[in-house]
>>> print(open('my_file38.cif').read())   # mmCIF, C-alpha atoms; chains and numbers go by the auth columns
data_my_file
#
loop_
_atom_site.group_PDB
_atom_site.id
_atom_site.type_symbol
_atom_site.label_atom_id
_atom_site.label_comp_id
_atom_site.label_asym_id
_atom_site.label_seq_id
_atom_site.Cartn_x
_atom_site.Cartn_y
_atom_site.Cartn_z
_atom_site.B_iso_or_equiv
_atom_site.auth_seq_id
_atom_site.auth_asym_id
ATOM 1 C CA MET A 1 -127.117 -168.085 -66.068 0.00 1 A
ATOM 2 C CA ASP A 2 -130.451 -167.163 -67.626 0.00 2 A
ATOM 3 C CA ILE A 3 -133.875 -168.185 -66.324 0.00 3 A
ATOM 4 C CA PHE A 4 -134.211 -170.976 -68.863 0.00 4 A
ATOM 5 C CA GLU A 5 -130.853 -172.543 -68.030 0.00 5 A
ATOM 6 C CA PHE A 6 -131.647 -172.288 -64.341 0.00 6 A
ATOM 7 C CA ALA A 7 -135.061 -173.931 -64.815 0.00 7 A
ATOM 8 C CA MET A 8 -133.583 -176.665 -66.998 0.00 8 A
ATOM 9 C CA ASP A 9 -130.931 -177.371 -64.358 0.00 9 A
ATOM 10 C CA LYS A 10 -133.658 -177.648 -61.680 0.00 10 A
ATOM 11 C CA GLU A 11 -135.669 -180.049 -63.815 0.00 11 A
ATOM 12 C CA LYS A 12 -132.644 -182.200 -64.651 0.00 12 A
ATOM 13 C CA TYR A 13 -131.671 -182.337 -60.972 0.00 13 A
ATOM 14 C CA SER A 14 -135.202 -183.408 -60.018 0.00 14 A
ATOM 15 C CA GLU A 15 -135.295 -186.044 -62.731 0.00 15 A
ATOM 16 C CA LEU A 16 -131.990 -187.543 -61.607 0.00 16 A
ATOM 17 C CA TYR A 17 -133.073 -187.416 -57.951 0.00 17 A
ATOM 18 C CA TYR A 18 -136.212 -189.431 -58.698 0.00 18 A
ATOM 19 C CA ARG A 19 -134.304 -191.916 -60.844 0.00 19 A
ATOM 20 C CA ASP A 20 -131.845 -192.400 -57.977 0.00 20 A
ATOM 21 C CA LEU A 21 -134.699 -192.970 -55.510 0.00 21 A
ATOM 22 C CA ALA A 22 -136.294 -195.442 -57.927 0.00 22 A
ATOM 23 C CA GLU A 23 -133.061 -197.420 -58.108 0.00 23 A
ATOM 24 C CA ARG A 24 -132.817 -197.542 -54.309 0.00 24 A
ATOM 25 C CA THR A 25 -136.239 -199.042 -53.648 0.00 25 A
ATOM 26 C CA GLN A 26 -137.035 -202.710 -53.836 0.00 26 A
ATOM 27 C CA ASN A 27 -140.787 -202.107 -54.090 0.00 27 A
ATOM 28 C CA THR A 28 -142.043 -202.311 -57.670 0.00 28 A
ATOM 29 C CA GLY A 29 -145.021 -199.983 -57.164 0.00 29 A
ATOM 30 C CA LEU A 30 -142.902 -197.330 -55.510 0.00 30 A
ATOM 31 C CA ARG A 31 -140.279 -197.677 -58.239 0.00 31 A
ATOM 32 C CA ASN A 32 -142.986 -197.164 -60.878 0.00 32 A
ATOM 33 C CA ILE A 33 -144.240 -193.995 -59.209 0.00 33 A
ATOM 34 C CA LEU A 34 -140.733 -192.580 -58.859 0.00 34 A
ATOM 35 C CA THR A 35 -140.008 -193.360 -62.498 0.00 35 A
ATOM 36 C CA MET A 36 -143.231 -191.580 -63.487 0.00 36 A
ATOM 37 C CA LEU A 37 -142.072 -188.530 -61.530 0.00 37 A
ATOM 38 C CA ALA A 38 -138.651 -188.642 -63.194 0.00 38 A
ATOM 39 C CA ASP A 39 -140.301 -188.840 -66.612 0.00 39 A
ATOM 40 C CA GLU A 40 -142.478 -185.845 -65.734 0.00 40 A
ATOM 41 C CA GLU A 41 -139.426 -183.802 -64.799 0.00 41 A
ATOM 42 C CA ALA A 42 -137.824 -184.753 -68.128 0.00 42 A
ATOM 43 C CA LYS A 43 -140.938 -183.420 -69.907 0.00 43 A
ATOM 44 C CA HIS A 44 -140.672 -180.183 -67.922 0.00 44 A
ATOM 45 C CA TYR A 45 -137.046 -179.889 -69.039 0.00 45 A
ATOM 46 C CA GLN A 46 -138.161 -180.209 -72.671 0.00 46 A
ATOM 47 C CA THR A 47 -140.916 -177.626 -72.163 0.00 47 A
ATOM 48 C CA VAL A 48 -138.429 -175.082 -70.818 0.00 48 A
ATOM 49 C CA GLU A 49 -135.927 -175.997 -73.547 0.00 49 A
ATOM 50 C CA HIS A 50 -138.545 -175.153 -76.184 0.00 50 A
ATOM 51 C CA MET A 51 -139.264 -171.837 -74.468 0.00 51 A
ATOM 52 C CA LYS A 52 -135.562 -171.016 -74.531 0.00 52 A
ATOM 53 C CA ALA A 53 -135.348 -171.878 -78.226 0.00 53 A
ATOM 54 C CA GLY A 54 -138.267 -169.559 -78.969 0.00 54 A
ATOM 55 C CA THR A 55 -140.564 -172.434 -79.919 0.00 55 A
ATOM 56 C CA PRO A 56 -142.728 -172.733 -76.802 0.00 56 A
ATOM 57 C CA LYS A 57 -145.033 -175.704 -76.512 0.00 57 A
ATOM 58 C CA GLU A 58 -147.844 -175.676 -74.014 0.00 58 A
ATOM 59 C CA ALA A 59 -147.249 -177.746 -70.902 0.00 59 A
ATOM 60 C CA ALA A 60 -149.904 -180.431 -70.741 0.00 60 A
ATOM 61 C CA ASP A 61 -151.831 -181.692 -67.749 0.00 61 A
ATOM 62 C CA THR A 62 -150.401 -185.029 -66.774 0.00 62 A
ATOM 63 C CA PRO A 63 -152.103 -188.034 -65.216 0.00 63 A
ATOM 64 C CA VAL A 64 -149.284 -188.626 -62.707 0.00 64 A
ATOM 65 C CA LEU A 65 -151.586 -188.473 -59.670 0.00 65 A
ATOM 66 C CA ALA A 66 -154.262 -190.643 -61.249 0.00 66 A
ATOM 67 C CA ASN A 67 -151.617 -193.183 -62.237 0.00 67 A
ATOM 68 C CA ALA A 68 -150.069 -193.114 -58.755 0.00 68 A
ATOM 69 C CA LYS A 69 -153.492 -193.614 -57.206 0.00 69 A
ATOM 70 C CA LYS A 70 -153.914 -196.745 -59.329 0.00 70 A
ATOM 71 C CA VAL A 71 -150.522 -198.042 -58.186 0.00 71 A
ATOM 72 C CA PHE A 72 -151.412 -197.469 -54.519 0.00 72 A
ATOM 73 C CA ALA A 73 -154.776 -199.208 -54.994 0.00 73 A
ATOM 74 C CA LYS A 74 -153.010 -202.185 -56.572 0.00 74 A
ATOM 75 C CA MET A 75 -150.523 -202.292 -53.683 0.00 75 A
ATOM 76 C CA ARG A 76 -153.391 -202.243 -51.184 0.00 76 A
ATOM 77 C CA LYS A 77 -155.080 -205.176 -52.936 0.00 77 A
ATOM 78 C CA ALA A 78 -151.819 -207.158 -52.980 0.00 78 A
ATOM 79 C CA LYS A 79 -151.526 -206.792 -49.188 0.00 79 A
ATOM 80 C CA GLU A 80 -147.766 -207.123 -49.341 0.00 80 A
ATOM 81 C CA LYS A 81 -145.517 -206.399 -46.391 0.00 81 A
ATOM 82 C CA PHE A 82 -143.326 -203.329 -46.542 0.00 82 A
ATOM 83 C CA ASP A 83 -140.067 -202.589 -44.815 0.00 83 A
ATOM 84 C CA PHE A 84 -138.830 -199.046 -45.266 0.00 84 A
ATOM 85 C CA HIS A 85 -136.222 -197.247 -43.210 0.00 85 A
ATOM 86 C CA MET A 86 -136.569 -193.740 -41.814 0.00 86 A
ATOM 87 C CA SER A 87 -133.697 -192.598 -43.990 0.00 87 A
ATOM 88 C CA GLU A 88 -135.995 -193.254 -46.954 0.00 88 A
ATOM 89 C CA ALA A 89 -138.623 -190.975 -45.440 0.00 89 A
ATOM 90 C CA ASP A 90 -135.908 -188.315 -45.147 0.00 90 A
ATOM 91 C CA LEU A 91 -135.076 -188.738 -48.840 0.00 91 A
ATOM 92 C CA TYR A 92 -138.721 -188.158 -49.719 0.00 92 A
ATOM 93 C CA GLY A 93 -138.779 -185.160 -47.412 0.00 93 A
ATOM 94 C CA ARG A 94 -135.965 -183.684 -49.493 0.00 94 A
ATOM 95 C CA ALA A 95 -137.968 -184.393 -52.640 0.00 95 A
ATOM 96 C CA VAL A 96 -140.947 -182.482 -51.177 0.00 96 A
ATOM 97 C CA LYS A 97 -138.674 -179.482 -50.645 0.00 97 A
ATOM 98 C CA ILE A 98 -137.354 -179.736 -54.208 0.00 98 A
ATOM 99 C CA GLU A 99 -140.900 -179.726 -55.596 0.00 99 A
ATOM 100 C CA GLU A 100 -141.930 -176.854 -53.343 0.00 100 A
ATOM 101 C CA GLU A 101 -138.931 -174.802 -54.478 0.00 101 A
ATOM 102 C CA SER A 102 -139.715 -175.532 -58.123 0.00 102 A
ATOM 103 C CA LYS A 103 -143.352 -174.558 -57.662 0.00 103 A
ATOM 104 C CA ARG A 104 -142.402 -171.229 -56.056 0.00 104 A
ATOM 105 C CA PHE A 105 -139.776 -170.592 -58.738 0.00 105 A
ATOM 106 C CA TYR A 106 -142.291 -171.075 -61.566 0.00 106 A
ATOM 107 C CA GLN A 107 -144.956 -169.013 -59.789 0.00 107 A
ATOM 108 C CA LYS A 108 -142.494 -166.142 -59.344 0.00 108 A
ATOM 109 C CA LYS A 109 -141.263 -166.305 -62.922 0.00 109 A
ATOM 110 C CA ALA A 110 -144.845 -166.465 -64.224 0.00 110 A
ATOM 111 C CA LYS A 111 -145.617 -163.209 -62.407 0.00 111 A
ATOM 112 C CA GLU A 112 -142.489 -161.627 -63.901 0.00 112 A
ATOM 113 C CA ALA A 113 -143.067 -162.928 -67.442 0.00 113 A
ATOM 114 C CA LYS A 114 -143.928 -160.276 -69.995 0.00 114 A
ATOM 115 C CA ASN A 115 -144.687 -162.805 -72.733 0.00 115 A
ATOM 116 C CA PRO A 116 -148.243 -164.154 -72.170 0.00 116 A
ATOM 117 C CA VAL A 117 -147.373 -167.532 -73.724 0.00 117 A
ATOM 118 C CA HIS A 118 -144.409 -167.920 -71.376 0.00 118 A
ATOM 119 C CA ARG A 119 -146.549 -166.798 -68.432 0.00 119 A
ATOM 120 C CA LYS A 120 -149.149 -169.471 -69.193 0.00 120 A
ATOM 121 C CA ILE A 121 -146.500 -172.189 -69.552 0.00 121 A
ATOM 122 C CA LEU A 122 -144.784 -171.171 -66.323 0.00 122 A
ATOM 123 C CA GLN A 123 -148.118 -171.188 -64.482 0.00 123 A
ATOM 124 C CA LYS A 124 -148.821 -174.684 -65.812 0.00 124 A
ATOM 125 C CA LEU A 125 -145.372 -175.867 -64.708 0.00 125 A
ATOM 126 C CA ALA A 126 -146.069 -174.481 -61.220 0.00 126 A
ATOM 127 C CA GLN A 127 -149.336 -176.428 -61.134 0.00 127 A
ATOM 128 C CA GLU A 128 -147.564 -179.606 -62.218 0.00 128 A
ATOM 129 C CA GLU A 129 -144.888 -179.140 -59.550 0.00 129 A
ATOM 130 C CA ASP A 130 -147.693 -178.727 -57.004 0.00 130 A
ATOM 131 C CA LYS A 131 -149.119 -182.095 -58.086 0.00 131 A
ATOM 132 C CA HIS A 132 -145.670 -183.635 -57.710 0.00 132 A
ATOM 133 C CA MET A 133 -145.365 -182.126 -54.237 0.00 133 A
ATOM 134 C CA VAL A 134 -148.682 -183.693 -53.177 0.00 134 A
ATOM 135 C CA LEU A 135 -147.592 -187.058 -54.568 0.00 135 A
ATOM 136 C CA VAL A 136 -144.181 -186.980 -52.891 0.00 136 A
ATOM 137 C CA GLU A 137 -145.749 -185.952 -49.564 0.00 137 A
ATOM 138 C CA ASN A 138 -147.939 -189.030 -49.885 0.00 138 A
ATOM 139 C CA LEU A 139 -144.912 -191.170 -50.744 0.00 139 A
ATOM 140 C CA ARG A 140 -143.209 -189.894 -47.599 0.00 140 A
ATOM 141 C CA SER A 141 -146.267 -190.847 -45.539 0.00 141 A
ATOM 142 C CA PHE A 142 -146.338 -194.230 -47.232 0.00 142 A
ATOM 143 C CA VAL A 143 -142.710 -195.118 -46.508 0.00 143 A
ATOM 144 C CA SER A 144 -143.107 -193.868 -42.926 0.00 144 A
ATOM 145 C CA ARG A 145 -146.101 -196.102 -42.201 0.00 145 A
ATOM 146 C CA PRO A 146 -147.010 -198.244 -45.245 0.00 146 A
ATOM 147 C CA GLU A 147 -149.687 -200.544 -43.859 0.00 147 A
ATOM 148 C CA THR A 148 -151.570 -197.739 -42.130 0.00 148 A
ATOM 149 C CA TYR A 149 -151.288 -195.553 -45.214 0.00 149 A
ATOM 150 C CA LEU A 150 -152.802 -198.156 -47.507 0.00 150 A
ATOM 151 C CA GLU A 151 -155.466 -199.229 -44.986 0.00 151 A
ATOM 152 C CA ASN A 152 -156.651 -195.660 -44.505 0.00 152 A
ATOM 153 C CA ALA A 153 -156.509 -194.945 -48.231 0.00 153 A
ATOM 154 C CA GLU A 154 -154.959 -191.555 -47.562 0.00 154 A
ATOM 155 C CA PHE A 155 -154.277 -191.164 -51.239 0.00 155 A
ATOM 156 C CA HIS A 156 -157.874 -189.934 -51.602 0.00 156 A
ATOM 157 C CA HIS A 157 -156.267 -186.472 -51.386 0.00 157 A
ATOM 158 C CA PHE A 158 -155.259 -186.967 -55.003 0.00 158 A
ATOM 159 C CA ASP A 159 -158.912 -186.510 -55.956 0.00 159 A
ATOM 160 C CA ASP A 160 -158.563 -182.749 -55.586 0.00 160 A
ATOM 161 C CA TYR A 161 -155.961 -182.792 -58.344 0.00 161 A
ATOM 162 C CA VAL A 162 -157.169 -185.540 -60.642 0.00 162 A
ATOM 163 C CA ASP A 163 -159.237 -184.024 -63.416 0.00 163 A
ATOM 164 C CA GLY A 164 -162.225 -186.336 -63.532 0.00 164 A
ATOM 165 C CA GLU A 165 -160.188 -189.487 -63.974 0.00 165 A
ATOM 166 C CA PHE A 166 -161.614 -191.097 -60.840 0.00 166 A
#
>>> encode(input="my_file38.cif", output="structure tokens")
Amino acid sequence: MDIFEFAMDKEKYSELYYRDLAERTQNTGLRNILTMLADEEAKHYQTVEHMKAGTPKEAADTPVLANAKKVFAKMRKAKEKFDFHMSEADLYGRAVKIEEESKRFYQKKAKEAKNPVHRKILQKLAQEEDKHMVLVENLRSFVSRPETYLENAEFHHFDDYVDGEF
């Protein structure tokens, strides 16, 4: 299997994982965030697919963290009660590992890339996977202790990654 097929498989797996998590949750805000993540992984798949076809398109910065921050702020204002199970936190822990593996994979392949266009795209994909990792770590914290998470506004950590949108 070549690098592109491998990367596309990783992205498809991640997309399906997030869609599965979205289907499992009853919380609308959480479902929206997970769907955003799944959509991002689908875009990554398309980016790698274009690289494989020899028609690379630059990977764009995405507003996934800014959008997630808005969802969390809305959830905090709604003051709804949450009831998550530890098994859900474990599922998000697995998602963190998936994102971390993807980030390392793209970083490694960027260093190995001889084509400067491919190198730049792979570096951008690594950065996007890092953003996803931060978001999923926050989701794991949220499902582990939702009221405390929203009260303490821990999602301020997104500010380091949001490019001037907040």
>>> closest_residue(input="my_file38.cif", among="A:Val71, A:Leu16, A:Leu150, A:Met51", to="Ile121 (chain A)", atoms="all atoms listed in the file")
A:Met51
>>> residues_near_point(input="my_file38.cif", point="(-146.3, -168.3, -58.2)", cutoff="7 Å", atoms="all atoms listed in the file", output="list of chain:residue names")
A:Lys103, A:Arg104, A:Phe105, A:Tyr106, A:Gln107, A:Lys108, A:Ala110, A:Lys111, A:Ala126
>>> write_last_selection(input="my_file38.cif", atoms="C-alpha atoms", output="mmCIF file, in the frame of the given file")
data_model
loop_
_atom_site.group_PDB
_atom_site.id
_atom_site.type_symbol
_atom_site.label_atom_id
_atom_site.label_comp_id
_atom_site.auth_asym_id
_atom_site.auth_seq_id
_atom_site.Cartn_x
_atom_site.Cartn_y
_atom_site.Cartn_z
ATOM 1 C CA LYS A 103 -143.352 -174.558 -57.662
ATOM 2 C CA ARG A 104 -142.402 -171.229 -56.056
ATOM 3 C CA PHE A 105 -139.776 -170.592 -58.738
ATOM 4 C CA TYR A 106 -142.291 -171.075 -61.566
ATOM 5 C CA GLN A 107 -144.956 -169.013 -59.789
ATOM 6 C CA LYS A 108 -142.494 -166.142 -59.344
ATOM 7 C CA ALA A 110 -144.845 -166.465 -64.224
ATOM 8 C CA LYS A 111 -145.617 -163.209 -62.407
ATOM 9 C CA ALA A 126 -146.069 -174.481 -61.220
#
>>> atom_distance(input="my_file38.cif", atom1="CA of Arg94 (chain A)", atom2="CA of Ser141 (chain A)")
13.2 Å
>>> residues_around(input="my_file38.cif", residues="Glu151 (chain A)", least_positions_apart="5", cutoff="10 Å", atoms="only C-alpha atoms", output="NGL selection string")
:A and (76-77 or 79 or 146)
>>> resolve_selection(input="my_file38.cif", expression="the PyMOL selection byres ((chain A and resi 72) around 12)", output="ChimeraX atom specification")
/A:27-33,65-71,73-80,135,138-139,142,146-147,149-156,158
>>> closest_residue(input="my_file38.cif", among="A:Glu101, A:Glu58, A:Asp2, A:Glu137", to="Gln123 (chain A)", atoms="all atoms listed in the file")
A:Glu58
